[in-house]
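Q: Dropping the structure in here first, questions after.
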Amino acid sequence: MRSEVEALTLLLEDAELARALHEAPGGWRDLSAAEISFVVDEPSQRERLCALQRLSIPHRTLHPRQITTPGLVARIYSERWGDLMAERMVAIALDGRRHVLAEVEVARGGRHGMVVTAADVLRPMIRAGAAAFILTHNHPSGSAEPSPADVEMTTVLEAAADIIGVPLLDHVVVAGRGGGWCSMLELGLLNPKENPNERTEHATPRQRAAESQ
């Protein structure tokens with residue numbers, strides 16, 4: 001296994017710079033863009049170092065014992081999916097207390113978009129023993145506004161989920177490029193199903209872009 005200095009040397013193609021970064025007070029992972037510009041002269045090296053910083057920061061995850069809300073899902077998946085160029089869709093299985101049982105990728109987009117059926121979503125939710133679930137997917141375009149296809153698919157899925165008794169609580173659309181997120185429940189595109197004694201956080205129709213940054 002390579003040491004950190006060896007790995008930095010391989011990526012930056014500069015052993016002296018790699019050693020300087022390795023010995024930087026507080027570490028190279030927390031250097032600001034201004035500090036990187038001061039230390040690293042070559043633009044391509046700066047770009048590689050910034051990319052490496054982003055890769056080295058662990059993504060937040062949904063904790064099994066934490067009550068899961070659409071707002072929490074949006075913040076975490078904004079981090080995970082912010083730079084993706086293709087669509088992904090994940091169904092999050094919840095128990096009766098809104099704790100996470102499983103996160104399952106149910107669809108992945110390609111050149112011609114993303115196709116998903118109600119069965120693709122509901123099968124893994126049933127296997128996980130979900131009492132309910134939240135759906136989320138990304139829009140790499142940078143707009144969190146649900147498309148007509150999103151709305152149609154969600155309507156069909158909601159009806160099917162109600163029939164089998166594993167309700168869809170919300171469908172959260174996360175936009176790339178810092179475009180924010182929106183809740184289909186808050187937009188009135190889904191019927192509320194929460195216990196009235198539980199308060200669940202939702203996005204406003206204007207998508208609260210600042211929260212996803």
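Residue numbering restarts at 1 for every chain of the structure tokens, chains are lettered A, B, ... in their displayed order, and ligands are numbered from 1 as they appear.
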Which residues of region 71-104 of chain A have any atom within 12 Å of an atom in region 183-193 of chain A when counting only C-alpha atoms, and what is the closest pair of atoms for each, with the distance in Å to one decimal? Order the rows by chain and rising number and write it as JSON lines.

A:
```
{"residue": "A:Gly71", "atom": "CA", "partner": "A:Ser183", "partner_atom": "CA", "distance": 8.4}
{"residue": "A:Leu72", "atom": "CA", "partner": "A:Ser183", "partner_atom": "CA", "distance": 11.6}
{"residue": "A:Val73", "atom": "CA", "partner": "A:Ser183", "partner_atom": "CA", "distance": 10.4}
{"residue": "A:Ala74", "atom": "CA", "partner": "A:Ser183", "partner_atom": "CA", "distance": 8.9}
```

Q: Give me every strand (DSSP E) residue in region 25-97 of chain A, going by DSSP on the backbone, as a list in words.

A: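 Strand (DSSP E) members of region 25-97 of chain A, listed: Arg88, Met89, Val90, Ala91, Ile92, Ala93 and Leu94 of chain A.
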
Q: Show which residues sit within 6 Å of region 128-140 of chain A, as a short mmCIF file (atom, residue, chain, number, x, y, z; two decimals) with C-alpha atoms, in the first residue's frame. Count only C-alpha atoms, and ignore same-chain residues fewer than 6 positions away.

A:
```cif
data_model
loop_
_atom_site.label_atom_id
_atom_site.label_comp_id
_atom_site.auth_asym_id
_atom_site.auth_seq_id
_atom_site.Cartn_x
_atom_site.Cartn_y
_atom_site.Cartn_z
CA MET A 85 -24.18 13.53 -15.19
CA GLU A 87 -30.02 10.24 -13.23
CA ARG A 88 -30.20 7.89 -10.24
CA MET A 89 -33.24 6.87 -8.22
CA VAL A 90 -33.17 5.49 -4.68
CA ALA A 91 -36.01 4.18 -2.51
CA ILE A 92 -35.48 4.53 1.24
CA ALA A 93 -37.30 1.89 3.29
CA LEU A 94 -38.55 3.13 6.68
CA ASP A 95 -39.95 1.40 9.72
CA GLY A 96 -42.99 2.62 11.65
CA VAL A 166 -46.47 0.34 2.08
CA PRO A 167 -47.20 4.03 1.47
CA LEU A 168 -45.00 6.43 -0.43
CA LEU A 169 -44.46 9.36 1.96
CA ASP A 170 -42.69 11.69 -0.45
CA HIS A 171 -40.72 11.91 -3.66
CA VAL A 172 -37.75 14.26 -3.29
CA VAL A 173 -36.17 15.65 -6.45
CA VAL A 174 -32.57 16.79 -6.02
CA ALA A 175 -31.02 19.09 -8.60
CA GLY A 176 -27.40 19.09 -9.65
#
```

Q: When distances are computed from only C-alpha atoms, which of A:Ile164, A:Arg108, A:Pro43, A:Ala24 shows the smallest separation from Ile126 (chain A)?

A: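 Residue with the minimum atom-to-atom distance to Ile126 (chain A): A:Ile164.
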
Q: Need to verify the contact set: Glu145 (chain A), 8 Å, only C-alpha atoms, exclusion of same-chain residues closer than 2 positions in sequence. Can you return it as a list in words?

A: Ser143, Ser147, Val173 and Cys182 of chain A

Q: Could you name the residues that touch region 49-56 of chain A at 9 Å or less, counting only C-alpha atoms, but leaving out those on the same chain fewer than 6 positions away, as a ChimeraX atom specification?

A: /A:8,11-12,28-31,33,36

Q: At what distance in Å, to one decimal, does CA of Ile76 (chain A) lie from CA of His99 (chain A)?

A: 15.2 Å

Q: So what do you get for CA of Asp120 (chain A) versus CA of Ser78 (chain A), distance-wise?

A: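 Going from CA of Asp120 (chain A) over to CA of Ser78 (chain A) covers 22.9 Å.
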
Q: Env of Asp14 (chain A): 12 Å cut, atoms = only C-alpha atoms, seq-sep filter 3 positions within chain, self excluded. Answer as a ChimeraX atom specification.

A: /A:5-11,17-21,40-42,44-45,49
